[in-house]
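Raw upload-v9.txt, compact mmCIF, C-alpha atoms:
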```txt
# COMPACT_ATOMS: atom_id res chain seq x y z
CA MET A 1 43.20 -6.99 -17.08
CA ARG A 2 43.43 -3.75 -15.18
CA THR A 3 46.33 -1.51 -16.19
CA PHE A 4 48.13 1.04 -14.05
CA ASN A 5 51.01 1.98 -16.33
CA ASN A 6 50.29 5.71 -16.50
CA ILE A 7 49.82 6.23 -12.78
CA ALA A 8 52.93 4.06 -12.24
CA SER A 9 55.03 6.32 -14.46
CA LEU A 10 53.66 9.44 -12.83
CA ILE A 11 54.43 8.22 -9.30
CA LYS A 12 57.91 6.98 -10.25
CA ASN A 13 58.83 10.19 -12.09
CA LYS A 14 57.56 12.44 -9.31
CA ARG A 15 59.30 10.38 -6.61
CA SER A 16 62.59 10.37 -8.55
CA ALA A 17 62.41 14.14 -9.15
CA HIS A 18 61.41 14.96 -5.57
CA PRO A 19 63.78 17.52 -3.96
CA ARG A 20 64.38 15.17 -1.02
CA GLY A 21 65.23 12.27 -3.34
CA LEU A 22 62.67 9.98 -1.72
CA SER A 23 63.33 6.26 -1.77
CA GLN A 24 60.48 3.83 -2.28
CA THR A 25 60.62 3.01 1.42
CA GLN A 26 60.51 6.65 2.46
CA LEU A 27 57.52 7.35 0.21
CA SER A 28 55.77 4.22 1.47
CA ASN A 29 56.29 5.34 5.06
CA LEU A 30 55.00 8.85 4.31
CA LEU A 31 51.87 7.28 2.83
CA GLY A 32 51.37 5.03 5.87
CA TYR A 33 52.70 1.74 4.49
CA LYS A 34 55.25 -0.41 6.29
CA ASN A 35 57.90 -0.88 3.59
CA GLY A 36 58.98 0.06 0.09
CA GLN A 37 57.45 -3.00 -1.54
CA PHE A 38 54.11 -1.23 -1.93
CA ILE A 39 55.63 1.66 -3.90
CA SER A 40 57.73 -0.82 -5.87
CA ASN A 41 54.51 -2.57 -6.89
CA VAL A 42 52.87 0.75 -7.78
CA GLU A 43 55.84 1.85 -9.88
CA ARG A 44 55.87 -1.45 -11.76
CA GLY A 45 52.18 -1.05 -12.59
CA LEU A 46 51.05 -4.02 -10.52
CA CYS A 47 48.64 -1.92 -8.47
CA SER A 48 47.68 1.66 -7.81
CA ILE A 49 47.52 3.77 -4.71
CA PRO A 50 43.97 3.46 -3.34
CA LEU A 51 41.86 6.57 -3.91
CA LYS A 52 41.58 7.16 -0.16
CA GLY A 53 45.38 7.43 0.02
CA MET A 54 45.84 9.35 -3.20
CA GLN A 55 45.46 12.79 -1.58
CA LYS A 56 48.53 12.20 0.59
CA ALA A 57 50.54 11.06 -2.46
CA VAL A 58 49.42 14.15 -4.37
CA GLU A 59 50.57 16.39 -1.52
CA VAL A 60 53.92 14.66 -0.93
CA LEU A 61 54.83 14.35 -4.62
CA LYS A 62 53.37 17.71 -5.72
CA ILE A 63 51.15 16.09 -8.35
CA THR A 64 48.70 18.50 -9.94
CA PRO A 65 45.04 17.53 -10.26
CA GLU A 66 45.45 17.63 -14.05
CA GLU A 67 48.41 15.22 -13.98
CA LEU A 68 46.54 12.81 -11.73
CA ARG A 69 43.34 12.98 -13.79
CA GLU A 70 45.21 12.44 -17.06
CA ALA A 71 47.14 9.41 -15.76
CA MET A 72 44.07 7.80 -14.19
CA LEU A 73 41.86 8.36 -17.24
CA LYS A 74 44.50 6.89 -19.54
CA ASP A 75 44.72 3.83 -17.31
CA TYR A 76 40.94 3.40 -17.31
CA ALA A 77 40.84 3.82 -21.10
CA GLU A 78 43.55 1.18 -21.55
CA THR A 79 41.75 -1.16 -19.17
CA LEU A 80 38.47 -0.69 -21.00
CA ASP A 81 40.16 -1.20 -24.40
CA PHE A 82 41.69 -4.43 -23.12
CA TYR A 83 38.34 -5.62 -21.76
CA LEU A 84 36.47 -4.85 -24.98
CA GLU A 85 39.19 -6.50 -27.08
CA GLU A 86 38.99 -9.59 -24.88
CA GLN A 87 35.21 -9.73 -25.29
CA ALA A 88 35.49 -9.34 -29.08
CA GLN A 89 37.97 -12.21 -29.21
CA LYS A 90 35.58 -14.40 -27.23
CA GLU A 91 32.79 -13.58 -29.68
CA ASN A 92 35.06 -14.43 -32.62
CA GLN A 93 35.84 -17.78 -31.00
CA GLY A 94 32.14 -18.55 -30.67
CA GLU A 95 31.90 -17.90 -26.96
CA SER A 96 29.11 -15.86 -25.53
CA ALA A 97 30.41 -12.40 -24.69
CA SER A 98 28.21 -10.41 -22.41
CA TYR A 99 28.81 -6.76 -21.73
CA ASN A 100 26.84 -6.74 -18.55
CA LEU A 101 27.34 -4.46 -15.61
CA ASN A 102 28.66 -7.22 -13.35
CA ASP A 103 31.49 -8.00 -15.79
CA LEU A 104 32.47 -4.33 -15.92
CA ARG A 105 32.33 -4.03 -12.15
CA GLU A 106 34.57 -7.05 -11.75
CA ASN A 107 37.09 -5.86 -14.35
CA PHE A 108 37.22 -2.36 -12.92
CA ASN A 109 37.08 -3.57 -9.32
CA LEU A 110 34.05 -1.38 -8.62
CA SER A 111 31.46 -1.69 -5.92
CA VAL A 112 27.89 -0.50 -6.09
```
Starting from the file, give its structure as structure tokens.
Amino acid sequence: MRTFNNIASLIKNKRSAHPRGLSQTQLSNLLGYKNGQFISNVERGLCSIPLKGMQKAVEVLKITPEELREAMLKDYAETLDFYLEEQAQKENQGESASYNLNDLRENFNLSV
């Protein structure tokens, strides 16, 4: 399972502390989305802002490159830990666990 908890906290904290007191809807609109549901989903860790839209979020919320990098790397580490734990459990249950590139791509939603 992919996790977005760290980027979610970063976005929520930066939005809440923003001098203009941005609502979820206002931030969504600034990022080019139609309503606040997208930012609500981001802040609950259900999804992340796509990389192509991250630059705008960084500018609007005054997120430093270091803050962004740290949050994203923590999320990837947690996702990888979850994936490896899941594979170890499958092995312990007698299932074949393969650590192939296609599994990693699927779990990390990567394209070649």
Determine, counting all atoms listed in the file, which protein, DNA and RNA residues have an atom within 12 Å of an atom of Tyr33 in chain A; residues of the same chain fewer than 5 positions away are not included. Present the result as a list in words. Gln24, Thr25, Gln26, Leu27, Ser28, Phe38, Ile39, Ser40, Ile49, Pro50, Gly53, Lys56 and Ala57 of chain A
Contacts of range 18-22 of chain A within 9 Å, only C-alpha atoms, excl. fewer than 6 positions in-chain, as a ChimeraX atom specification: /A:60-62
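Among A:Ser9, A:Gln55, A:Gln89, A:Thr64, the residue with the shortest atom-to-atom distance to Asn41 in chain A, counting only C-alpha atoms, is A:Ser9.
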Please report the interatomic distance between CA of Lys74 in chain A and CA of Lys12 in chain A in Å with one decimal.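 These atoms are spaced 16.3 Å apart.
Counting from CA of Asp75 in chain A, the distance to CA of Asn6 in chain A is 5.9 Å.
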